[in-house]
2 protein chains.
Amino acid sequence: MIAPPKPARPPHILIIEDDPVTRATLGSYLDSHGYKVSEADSSERAERILADTGADLLIIDINLSGKDGLEITREQRALSEIGIILVSGRTDDVDRIVGLELGADDYVCKPFNRRELLARIKNLLRRTAAMRRTGRRVCAFEGFTFDTTSRQLRTADGTAIPLTRAEFELLRQFVSYPGAVLSRDRLALSVTHRSNDTTSRTIDVLVRRLRAKLNDDPKAPRIISTSHGEGYVFTAHLN
Amino acid sequence: MIAPPKPARPPHILIIEDDPVTRATLGSYLDSHGYKVSEADSSERAERILADTGADLLIIDINLSGKDGLEITREQRALSEIGIILVSGRTDDVDRIVGLELGADDYVCKPFNRRELLARIKNLLRRTAAMRRTGRRVCAFEGFTFDTTSRQLRTADGTAIPLTRAEFELLRQFVSYPGAVLSRDRLALSVTHRSNDTTSRTIDVLVRRLRAKLNDDPKAPRIISTSHGEGYVFTAHLN
DNA sequence: TTTAATTTGTGAAAATTTGTTAACAGAGAG
DNA sequence: CTCTCTGTTAACAAATTTTCACAAATTAAA
C-alpha cells in the first residue's frame with residue numbers, strides 16, 4: 001500500500017458578499033495574511049466555486065439578494081462540516097440566533113473589526129482542521145464533491161451519485177494522485193480481488209462506467225484522461 | 001479483538017464566574033439542557049475541578065478577581081484544545097480581540113441571550129467532538145442516538161427502537177469503527193462466536209434487518225454501505 | 001499518406017456476490 | 001409443556017464485477 005502524499009496548502013476561504021467594496025477589502029486583507037481567497041457575489045457563484053474547488057471556510061453576508069445567507073448556511077451544513085461565519089449589517093438578535101442554530105460557527109456585525117475577524121477565522125480553522133484529521137476527507141472537482149469517508153459522490157446541487165465499491169476505489173485512487181499516470185496494473189491492485197493478467201479489460205470497463213457517472217466524454221475527457229499505452233490520468237483541477 | 005466499552009460522559013461544561021446569580025442562573029439553564037455543569041467562583045477552584053474531573057468546555061467571565069479570564073484562557077489553551085467561551089460585562093474591542101487571539105473560541109457580552117449562548121455552545125461542542133470521541137458510550141448519527149450501555153437505539157423524537165442481541169452487537173461494531181470496511185468474518189466473530197463460515201448468510205440477513213430499523217435503503221445506503229467482496233462500512237457521520 | 005499492429009472503447013453475456021423472503025430449529029419465558 | 005422470539009439456513013432474485021467479442025482509435029511502419 002502506498003502512503004497518500006499530503007501537500008501543505010494555505011486554507012481556502014470563500015467570501016460570499018454582494019457589496020463589491022466590502023468583498024474586495026476583506027479579500028485582500030485575508031490574502032495578505034496568507035490565505036487562499038475566493039469571492040462570490042451570489043449563492044449561485046458560491047455554489048459553483050464550492051463544487052469546482054471546495055473551501056475550508058465560508059464568510060457569508062446574511063443579506064444577499066436571491067438565496068440569502070441563512071439558506072446557504074442550512075444547505076452547506078447539511079452537506080459538510082465546513083466552517084461558516086455569518087456577517088450582517090444589522091444587530092439583530094433573531095437573525096443571529098437563527099443563524100447560529102442553523103449551524104453557523106460564528107456571527108459578526110458590520111462594521112466589524114478586521115483583526116477580530118482574523119482571530120475568529122484562525123480559531124475556527126484550527127477547530128475544523130482538527131475535525132478534518134480525525135474525520136472525513138472530502139475533495140471537490142469539476143462540479144462534484146467526493147467524500148472518501150461516507151463514500152459518496154455528489155453533484156453541485158447535492159444530488160448523490162451512487163458508486164459501486166470498484167468505482168469508489170478507482171475514483172479514490174485517481175483523486176489521491178491527481179495528474180499522475182496510473183497503470184492499469186496499479187489501478188487493478190486497489191480495485192480487484194482477483195489476480196489479473198495483462199489482457200484483462202476490467203479497468204477499462206470500470207473507467208468507462210465511472211466516466212459515465214461523471215458525465216465525462218471518453219472522446220474529450222476532462223476528468224479521467226487516457227494515456228495511450230500507459231494507463232489513465234486524473235486531469236480535473238482538485239480543490 | 002473487540003474494543004472494550006469505555007466510560008462516557010455527557011458534555012461537561014465548567015462555568016467560571018464570580019457573580020453567584022449569573023453563575024447559578026446559567027448553570028441551571030445549561031443543566032436543564034442535559035449538560036453536566038460545574039461551577040467555580042475563582043481560577044483556583046476552576047483549576048481544582050479541571051484537575052479532578054476535566055471538562056469539555058469552559059465559560060469564563062473575563063473580570064475575575066485574582067487571576068482573570070484572559071490569563072486562564074492563555075494557560076488552558078497552552079494545555080489543551082478545550083472549548084473556551086469568554087463572557088464580559090463590557091463591550092470592549094480590545095478585550096475581545098485579545099481574548100480571541102489568545103485562542104478563545106468565542107466572546108459574548110453581558111447581558112447575553114441564553115438561547116444564543118446555547119447555540120454557540122452546541123456548535124463549539126460539535127467542533128471539539130472529534131477530539132473527545134474516543135471511548136464514547138453514547139453516539140448520535142443521522143437522527144438516531146445509540147447508547148451502548150443501556151443497549152438502546154432511539155430516534156430523534158425519543159422513540160425507542162428495540163434491537164435484538166445480534167443487531168445490537170452489529171451496530172456496536174459499526175459505530176466503533178466508522179468508515180472502516182468490516183468483513184463478514186469479523187462481524188460474525190462479534191455477533192456469534194462461530195466464525196470462518198464462508199457460505200453463511202447470517203450477517204447479510206442481520207444487516208438487512210438493522211438497515212430496516214434504521215430506515216436505510218440498501219440501494220442507496222447512507223448509514224451502512226456495502227463494500228462488494230469485502231464486507232460492510234458504517235458511513236454515517238457521528239455527531 | 002497509407003497500411004498494419006497495437007491499444008482502447010463498447011455492449012452484453014457469464015460469473016460472482018449480495019438482497020430478500022420464508023421457513024426452521026433451539027433457547028428462554030411463562 | 002407450549003409459546004414466542006432469535007438466530008440460522010435455504011432458495012431465489014437482484015446487483016456487481018469480470019470476461020469476451022468486436023468496433024473504434026491511436027501509434028508505428030512502410
# chains A, B, ... in the order shown; residues from 1 in each chain; ligands from 1
>>> residues_around(residues="stretch 171-186 of chain A", least_positions_apart="3", cutoff="8 Å", atoms="only C-alpha atoms (C1' of nucleotides)", output="compact mmCIF listing (two decimals) with N, CA and C atoms, in the first residue's frame")
# COMPACT_ATOMS: atom_id res chain seq x y z
N PRO A 4 -0.60 8.07 0.92
CA PRO A 4 -1.03 9.22 0.13
C PRO A 4 -0.26 10.48 0.51
N PRO A 5 0.31 11.18 -0.47
CA PRO A 5 1.03 12.41 -0.17
C PRO A 5 0.07 13.50 0.25
N CYS A 139 -13.03 16.00 -1.19
CA CYS A 139 -12.43 16.87 -2.19
C CYS A 139 -13.46 17.22 -3.26
N THR A 148 -14.53 10.60 0.82
CA THR A 148 -13.97 9.26 0.90
C THR A 148 -14.36 8.56 2.19
N GLU A 167 -15.95 1.26 -8.38
CA GLU A 167 -15.93 2.64 -8.87
C GLU A 167 -15.39 3.58 -7.81
N PHE A 168 -15.80 3.34 -6.56
CA PHE A 168 -15.31 4.16 -5.46
C PHE A 168 -13.80 4.03 -5.29
N LEU A 189 -4.75 -3.30 -8.78
CA LEU A 189 -4.29 -3.73 -7.46
C LEU A 189 -5.22 -3.26 -6.37
N SER A 190 -5.70 -2.02 -6.50
CA SER A 190 -6.55 -1.47 -5.44
C SER A 190 -8.03 -1.75 -5.68
N THR A 198 -2.58 -9.58 -17.98
CA THR A 198 -2.41 -8.31 -18.69
C THR A 198 -3.48 -8.06 -19.75
N ILE A 203 -10.33 -2.89 -15.91
CA ILE A 203 -10.14 -1.48 -15.58
C ILE A 203 -10.77 -0.57 -16.64
N LEU A 210 -17.29 4.74 -14.70
CA LEU A 210 -17.04 5.91 -13.86
C LEU A 210 -17.18 7.19 -14.67
N SER A 227 -4.02 7.74 -21.16
CA SER A 227 -2.63 7.90 -21.58
C SER A 227 -2.27 6.65 -22.36
N GLU A 230 -0.08 3.58 -21.52
CA GLU A 230 0.42 3.70 -20.15
C GLU A 230 -0.66 3.46 -19.10
N GLY A 231 -1.82 4.09 -19.31
CA GLY A 231 -2.86 3.96 -18.29
C GLY A 231 -3.83 5.14 -18.34
N TYR A 232 -4.25 5.60 -17.15
CA TYR A 232 -5.20 6.71 -17.08
C TYR A 232 -4.66 7.78 -16.12
N VAL A 233 -5.12 9.02 -16.35
CA VAL A 233 -4.71 10.15 -15.51
C VAL A 233 -5.94 10.92 -15.04
N PHE A 234 -5.92 11.35 -13.79
CA PHE A 234 -6.96 12.25 -13.29
C PHE A 234 -6.55 13.67 -13.66
N THR A 235 -7.29 14.30 -14.57
CA THR A 235 -6.87 15.60 -15.10
C THR A 235 -7.77 16.75 -14.67
N ALA A 236 -8.73 16.51 -13.80
CA ALA A 236 -9.56 17.61 -13.31
C ALA A 236 -8.77 18.42 -12.28
N LEU A 238 -8.22 19.83 -8.82
CA LEU A 238 -8.67 19.44 -7.48
C LEU A 238 -8.59 20.61 -6.51
>>> closest_atom_pairs(of="chain B", to="chain D", cutoff="9 Å", atoms="only C-alpha atoms (C1' of nucleotides)", output="JSON lines")
{"residue": "B:Thr164", "atom": "CA", "partner": "D:DT6", "partner_atom": "C1'", "distance": 7.4}
{"residue": "B:Arg165", "atom": "CA", "partner": "D:DT6", "partner_atom": "C1'", "distance": 8.4}
{"residue": "B:Ala166", "atom": "CA", "partner": "D:DG7", "partner_atom": "C1'", "distance": 8.1}
{"residue": "B:Ser200", "atom": "CA", "partner": "D:DT9", "partner_atom": "C1'", "distance": 7.8}
{"residue": "B:Arg201", "atom": "CA", "partner": "D:DT9", "partner_atom": "C1'", "distance": 7.8}
{"residue": "B:Thr202", "atom": "CA", "partner": "D:DT8", "partner_atom": "C1'", "distance": 6.5}
{"residue": "B:His228", "atom": "CA", "partner": "D:DT16", "partner_atom": "C1'", "distance": 7.2}
>>> residues_around(residues="B:Gly158", least_positions_apart="3", cutoff="9 Å", atoms="only C-alpha atoms (C1' of nucleotides)", output="list in words")
Phe144, Thr145, Arg154 and Thr155 of chain B
>>> closest_residue(among="B:Thr199, B:Ser43, B:Thr128, B:Gln76", to="chain A", atoms="only C-alpha atoms")
B:Thr128
>>> calpha_fit_rmsd(fixed="chain B", moving="chain A")
14.6 Å
>>> closest_residue(among="A:Gly34, A:Pro20, A:Gly103, A:Gly89", to="chain B", atoms="only C-alpha atoms")
A:Gly103
>>> interface_residues(of="chain B", to="chain C", cutoff="9 Å", atoms="only C-alpha atoms (C1' of nucleotides)", output="PyMOL selection string")
chain B and resi 204-205+208+218+226+228-229
>>> interface_residues(of="chain A", to="chain B", cutoff="9 Å", atoms="only C-alpha atoms", output="PDB file with N, CA and C atoms, in the first residue's frame")
ATOM      1  N   GLU A  81     -19.031  19.669   7.092  1.00  0.00           N
ATOM      2  CA  GLU A  81     -18.681  20.316   8.350  1.00  0.00           C
ATOM      3  C   GLU A  81     -17.821  21.547   8.108  1.00  0.00           C
ATOM      4  N   ASP A  93     -30.959  40.297  17.053  1.00  0.00           N
ATOM      5  CA  ASP A  93     -30.883  39.080  17.869  1.00  0.00           C
ATOM      6  C   ASP A  93     -31.475  37.874  17.156  1.00  0.00           C
ATOM      7  N   ARG A  96     -29.323  36.532  14.393  1.00  0.00           N
ATOM      8  CA  ARG A  96     -28.117  35.927  14.946  1.00  0.00           C
ATOM      9  C   ARG A  96     -28.421  34.549  15.514  1.00  0.00           C
ATOM     10  N   ILE A  97     -29.495  34.468  16.288  1.00  0.00           N
ATOM     11  CA  ILE A  97     -29.835  33.185  16.911  1.00  0.00           C
ATOM     12  C   ILE A  97     -30.208  32.150  15.860  1.00  0.00           C
ATOM     13  N   VAL A  98     -30.998  32.575  14.885  1.00  0.00           N
ATOM     14  CA  VAL A  98     -31.377  31.633  13.819  1.00  0.00           C
ATOM     15  C   VAL A  98     -30.131  31.131  13.102  1.00  0.00           C
ATOM     16  N   LEU A 100     -27.039  30.944  14.140  1.00  0.00           N
ATOM     17  CA  LEU A 100     -26.237  30.047  14.984  1.00  0.00           C
ATOM     18  C   LEU A 100     -26.924  28.700  15.139  1.00  0.00           C
ATOM     19  N   GLU A 101     -28.245  28.708  15.247  1.00  0.00           N
ATOM     20  CA  GLU A 101     -28.962  27.441  15.426  1.00  0.00           C
ATOM     21  C   GLU A 101     -28.975  26.618  14.148  1.00  0.00           C
ATOM     22  N   LEU A 102     -28.782  27.272  13.014  1.00  0.00           N
ATOM     23  CA  LEU A 102     -28.668  26.529  11.750  1.00  0.00           C
ATOM     24  C   LEU A 102     -27.295  25.880  11.625  1.00  0.00           C
ATOM     25  N   GLY A 103     -26.386  26.260  12.511  1.00  0.00           N
ATOM     26  CA  GLY A 103     -25.077  25.610  12.488  1.00  0.00           C
ATOM     27  C   GLY A 103     -23.933  26.510  12.074  1.00  0.00           C
ATOM     28  N   ALA A 104     -24.208  27.810  11.913  1.00  0.00           N
ATOM     29  CA  ALA A 104     -23.104  28.733  11.659  1.00  0.00           C
ATOM     30  C   ALA A 104     -22.213  28.756  12.896  1.00  0.00           C
ATOM     31  N   ASP A 105     -20.900  28.811  12.691  1.00  0.00           N
ATOM     32  CA  ASP A 105     -19.990  28.769  13.832  1.00  0.00           C
ATOM     33  C   ASP A 105     -19.867  30.121  14.506  1.00  0.00           C
ATOM     34  N   ASP A 106     -20.117  31.167  13.737  1.00  0.00           N
ATOM     35  CA  ASP A 106     -19.942  32.493  14.310  1.00  0.00           C
ATOM     36  C   ASP A 106     -20.809  33.499  13.574  1.00  0.00           C
ATOM     37  N   ASN A 113     -14.448  44.582  13.158  1.00  0.00           N
ATOM     38  CA  ASN A 113     -13.017  44.820  13.263  1.00  0.00           C
ATOM     39  C   ASN A 113     -12.296  43.697  12.524  1.00  0.00           C
ATOM     40  N   ARG A 115      -9.248  42.742  12.539  1.00  0.00           N
ATOM     41  CA  ARG A 115      -8.340  41.945  13.355  1.00  0.00           C
ATOM     42  C   ARG A 115      -9.123  40.915  14.172  1.00  0.00           C
ATOM     43  N   GLU A 116     -10.302  41.335  14.651  1.00  0.00           N
ATOM     44  CA  GLU A 116     -11.149  40.402  15.394  1.00  0.00           C
ATOM     45  C   GLU A 116     -11.603  39.262  14.483  1.00  0.00           C
ATOM     46  N   LEU A 117     -12.023  39.626  13.278  1.00  0.00           N
ATOM     47  CA  LEU A 117     -12.481  38.592  12.348  1.00  0.00           C
ATOM     48  C   LEU A 117     -11.352  37.619  12.038  1.00  0.00           C
ATOM     49  N   LEU A 118     -10.144  38.162  11.872  1.00  0.00           N
ATOM     50  CA  LEU A 118      -8.987  37.300  11.590  1.00  0.00           C
ATOM     51  C   LEU A 118      -8.751  36.315  12.736  1.00  0.00           C
ATOM     52  N   ALA A 119      -8.880  36.804  13.959  1.00  0.00           N
ATOM     53  CA  ALA A 119      -8.689  35.924  15.120  1.00  0.00           C
ATOM     54  C   ALA A 119      -9.746  34.830  15.129  1.00  0.00           C
ATOM     55  N   ARG A 120     -10.984  35.213  14.826  1.00  0.00           N
ATOM     56  CA  ARG A 120     -12.066  34.210  14.798  1.00  0.00           C
ATOM     57  C   ARG A 120     -11.819  33.177  13.697  1.00  0.00           C
ATOM     58  N   LYS A 122      -8.922  32.259  12.435  1.00  0.00           N
ATOM     59  CA  LYS A 122      -7.821  31.387  12.863  1.00  0.00           C
ATOM     60  C   LYS A 122      -8.317  30.305  13.801  1.00  0.00           C
ATOM     61  N   ASN A 123      -9.102  30.732  14.819  1.00  0.00           N
ATOM     62  CA  ASN A 123      -9.606  29.757  15.788  1.00  0.00           C
ATOM     63  C   ASN A 123     -10.497  28.712  15.134  1.00  0.00           C
ATOM     64  N   LEU A 124     -11.351  29.193  14.230  1.00  0.00           N
ATOM     65  CA  LEU A 124     -12.280  28.257  13.595  1.00  0.00           C
ATOM     66  C   LEU A 124     -11.541  27.278  12.686  1.00  0.00           C
ATOM     67  N   ARG A 127     -10.109  24.573  14.652  1.00  0.00           N
ATOM     68  CA  ARG A 127     -11.114  23.579  15.031  1.00  0.00           C
ATOM     69  C   ARG A 127     -11.458  22.663  13.857  1.00  0.00           C
ATOM     70  N   THR A 128     -11.674  23.245  12.689  1.00  0.00           N
ATOM     71  CA  THR A 128     -12.086  22.409  11.557  1.00  0.00           C
ATOM     72  C   THR A 128     -10.930  21.554  11.063  1.00  0.00           C
ATOM     73  N   ALA A 130      -8.699  20.171  12.981  1.00  0.00           N
ATOM     74  CA  ALA A 130      -8.679  19.032  13.893  1.00  0.00           C
ATOM     75  C   ALA A 130      -9.751  18.036  13.511  1.00  0.00           C
ATOM     76  N   MET A 131     -10.902  18.562  13.103  1.00  0.00           N
ATOM     77  CA  MET A 131     -12.007  17.692  12.726  1.00  0.00           C
ATOM     78  C   MET A 131     -11.684  16.949  11.433  1.00  0.00           C
ATOM     79  N   ARG A 132     -11.030  17.650  10.504  1.00  0.00           N
ATOM     80  CA  ARG A 132     -10.678  17.006   9.234  1.00  0.00           C
ATOM     81  C   ARG A 132      -9.704  15.859   9.450  1.00  0.00           C
ATOM     82  N   ARG A 133      -8.790  16.021  10.429  1.00  0.00           N
ATOM     83  CA  ARG A 133      -7.813  14.966  10.674  1.00  0.00           C
ATOM     84  C   ARG A 133      -8.495  13.679  11.102  1.00  0.00           C
ATOM     85  N   THR A 134      -9.358  13.805  12.131  1.00  0.00           N
ATOM     86  CA  THR A 134      -9.996  12.603  12.657  1.00  0.00           C
ATOM     87  C   THR A 134     -11.250  12.251  11.871  1.00  0.00           C
ATOM     88  N   GLY A 135     -11.727  13.184  11.080  1.00  0.00           N
ATOM     89  CA  GLY A 135     -12.991  12.974  10.402  1.00  0.00           C
ATOM     90  C   GLY A 135     -12.831  12.658   8.943  1.00  0.00           C
ATOM     91  N   ARG A 136     -13.606  13.320   8.140  1.00  0.00           N
ATOM     92  CA  ARG A 136     -13.702  12.945   6.752  1.00  0.00           C
ATOM     93  C   ARG A 136     -12.704  13.668   5.861  1.00  0.00           C
ATOM     94  N   THR A 148     -14.533  10.604   0.817  1.00  0.00           N
ATOM     95  CA  THR A 148     -13.971   9.262   0.899  1.00  0.00           C
ATOM     96  C   THR A 148     -14.361   8.560   2.189  1.00  0.00           C
ATOM     97  N   THR A 149     -14.914   9.295   3.152  1.00  0.00           N
ATOM     98  CA  THR A 149     -15.339   8.656   4.396  1.00  0.00           C
ATOM     99  C   THR A 149     -16.743   8.073   4.257  1.00  0.00           C
ATOM    100  N   SER A 150     -17.667   8.899   3.783  1.00  0.00           N
ATOM    101  CA  SER A 150     -19.031   8.398   3.605  1.00  0.00           C
ATOM    102  C   SER A 150     -19.182   7.716   2.260  1.00  0.00           C
ATOM    103  N   ARG A 151     -18.085   7.690   1.485  1.00  0.00           N
ATOM    104  CA  ARG A 151     -18.063   7.022   0.183  1.00  0.00           C
ATOM    105  C   ARG A 151     -19.088   7.598  -0.767  1.00  0.00           C
ATOM    106  N   GLN A 152     -19.317   8.903  -0.672  1.00  0.00           N
ATOM    107  CA  GLN A 152     -20.358   9.493  -1.509  1.00  0.00           C
ATOM    108  C   GLN A 152     -19.806  10.486  -2.513  1.00  0.00           C
ATOM    109  N   ALA A 160     -26.871  12.923  -4.726  1.00  0.00           N
ATOM    110  CA  ALA A 160     -25.905  11.845  -4.530  1.00  0.00           C
ATOM    111  C   ALA A 160     -25.868  10.938  -5.754  1.00  0.00           C
ATOM    112  N   PRO A 162     -24.729   7.277  -6.640  1.00  0.00           N
ATOM    113  CA  PRO A 162     -24.248   6.046  -6.004  1.00  0.00           C
ATOM    114  C   PRO A 162     -23.084   5.434  -6.772  1.00  0.00           C
ATOM    115  N   THR A 164     -20.445   2.062  -7.018  1.00  0.00           N
ATOM    116  CA  THR A 164     -20.188   0.706  -6.551  1.00  0.00           C
ATOM    117  C   THR A 164     -18.825   0.705  -5.866  1.00  0.00           C
ATOM    118  N   ARG A 165     -18.499  -0.392  -5.203  1.00  0.00           N
ATOM    119  CA  ARG A 165     -17.225  -0.437  -4.490  1.00  0.00           C
ATOM    120  C   ARG A 165     -16.050  -0.196  -5.434  1.00  0.00           C
ATOM    121  N   ALA A 166     -16.066  -0.888  -6.581  1.00  0.00           N
ATOM    122  CA  ALA A 166     -14.947  -0.766  -7.519  1.00  0.00           C
ATOM    123  C   ALA A 166     -14.834   0.655  -8.056  1.00  0.00           C
ATOM    124  N   HIS A 193     -10.116  -8.060  -6.688  1.00  0.00           N
ATOM    125  CA  HIS A 193      -9.749  -9.052  -5.682  1.00  0.00           C
ATOM    126  C   HIS A 193      -9.132 -10.291  -6.314  1.00  0.00           C
TER     127      HIS A 193
END
>>> select_by_dssp(residues="chain A", states="strand (DSSP E)", output="ChimeraX atom specification")
/A:12-16,36-40,57-61,83-88,106-109,138-141,144-147,152-155,160-161,181-182,224-227,231-234
>>> atom_distance(atom1="atom CA of B:Ala156", atom2="atom CA of B:His33")
15.2 Å
>>> residues_around(residues="B:Glu44", least_positions_apart="4", cutoff="12 Å", atoms="only C-alpha atoms (C1' of nucleotides)", output="list in words")
Ile16, Glu17, Asp18, Glu39, Ala40, Arg48, Ile49, Leu50, Ala51, Leu64, Ser65, Gly66, Lys67, Asp68, Gly69 and Ile72 of chain B
>>> atom_distance(atom1="atom CA of B:Leu70", atom2="atom CA of A:Ser32")
27.8 Å
>>> decode(residues="stretch 167-235 of chain A", atoms="C-alpha atoms", output="compact mmCIF listing (two decimals), in the first residue's frame")
# COMPACT_ATOMS: atom_id res chain seq x y z
CA GLU A 167 -15.93 2.64 -8.87
CA PHE A 168 -15.31 4.16 -5.46
CA GLU A 169 -11.87 2.58 -5.10
CA LEU A 170 -10.96 3.69 -8.60
CA LEU A 171 -12.00 7.29 -8.01
CA ARG A 172 -10.23 7.31 -4.67
CA GLN A 173 -7.01 6.26 -6.40
CA PHE A 174 -7.44 8.98 -9.00
CA VAL A 175 -8.07 11.84 -6.55
CA SER A 176 -5.19 10.60 -4.40
CA TYR A 177 -2.75 11.02 -7.27
CA PRO A 178 -4.08 13.81 -9.47
CA GLY A 179 -2.05 14.43 -12.60
CA ALA A 180 -0.14 11.16 -12.33
CA VAL A 181 -0.43 8.43 -14.93
CA LEU A 182 -1.70 5.33 -13.17
CA SER A 183 -1.13 1.99 -14.91
CA ARG A 184 -3.95 -0.49 -15.27
CA ASP A 185 -1.89 -2.88 -13.20
CA ARG A 186 -1.67 -0.48 -10.33
CA LEU A 187 -5.33 0.52 -10.53
CA ALA A 188 -6.30 -3.16 -10.62
CA LEU A 189 -4.29 -3.73 -7.46
CA SER A 190 -6.55 -1.47 -5.44
CA VAL A 191 -9.78 -2.33 -7.22
CA THR A 192 -9.87 -6.04 -7.93
CA HIS A 193 -9.75 -9.05 -5.68
CA ARG A 194 -8.51 -11.46 -8.32
CA SER A 195 -5.11 -11.89 -9.89
CA ASN A 196 -5.47 -10.15 -13.19
CA ASP A 197 -3.48 -10.99 -16.27
CA THR A 198 -2.41 -8.31 -18.69
CA THR A 199 -5.19 -8.91 -21.20
CA SER A 200 -7.94 -8.07 -18.73
CA ARG A 201 -10.28 -5.29 -19.72
CA THR A 202 -11.68 -4.87 -16.22
CA ILE A 203 -10.14 -1.48 -15.58
CA ASP A 204 -11.21 -0.15 -18.97
CA VAL A 205 -14.80 -1.17 -18.36
CA LEU A 206 -14.68 0.35 -14.89
CA VAL A 207 -13.23 3.59 -16.22
CA ARG A 208 -15.97 3.70 -18.78
CA ARG A 209 -18.66 3.33 -16.11
CA LEU A 210 -17.04 5.91 -13.86
CA ARG A 211 -16.75 8.34 -16.77
CA ALA A 212 -20.44 7.84 -17.49
CA LYS A 213 -21.36 8.70 -13.91
CA LEU A 214 -19.10 11.78 -14.05
CA ASN A 215 -20.53 12.84 -17.44
CA ASP A 216 -17.02 12.64 -18.84
CA ASP A 217 -16.95 12.10 -22.61
CA PRO A 218 -14.28 9.46 -23.44
CA LYS A 219 -13.59 11.22 -26.75
CA ALA A 220 -12.81 14.51 -25.00
CA PRO A 221 -12.26 13.62 -21.35
CA ARG A 222 -11.83 16.39 -18.79
CA ILE A 223 -11.73 14.36 -15.60
CA ILE A 224 -10.20 10.97 -16.45
CA SER A 225 -7.90 11.09 -19.48
CA THR A 226 -6.40 8.15 -21.28
CA SER A 227 -2.63 7.90 -21.58
CA HIS A 228 -2.26 5.60 -24.53
CA GLY A 229 -0.06 2.62 -23.76
CA GLU A 230 0.42 3.70 -20.15
CA GLY A 231 -2.86 3.96 -18.29
CA TYR A 232 -5.20 6.71 -17.08
CA VAL A 233 -4.71 10.15 -15.51
CA PHE A 234 -6.96 12.25 -13.29
CA THR A 235 -6.87 15.60 -15.10
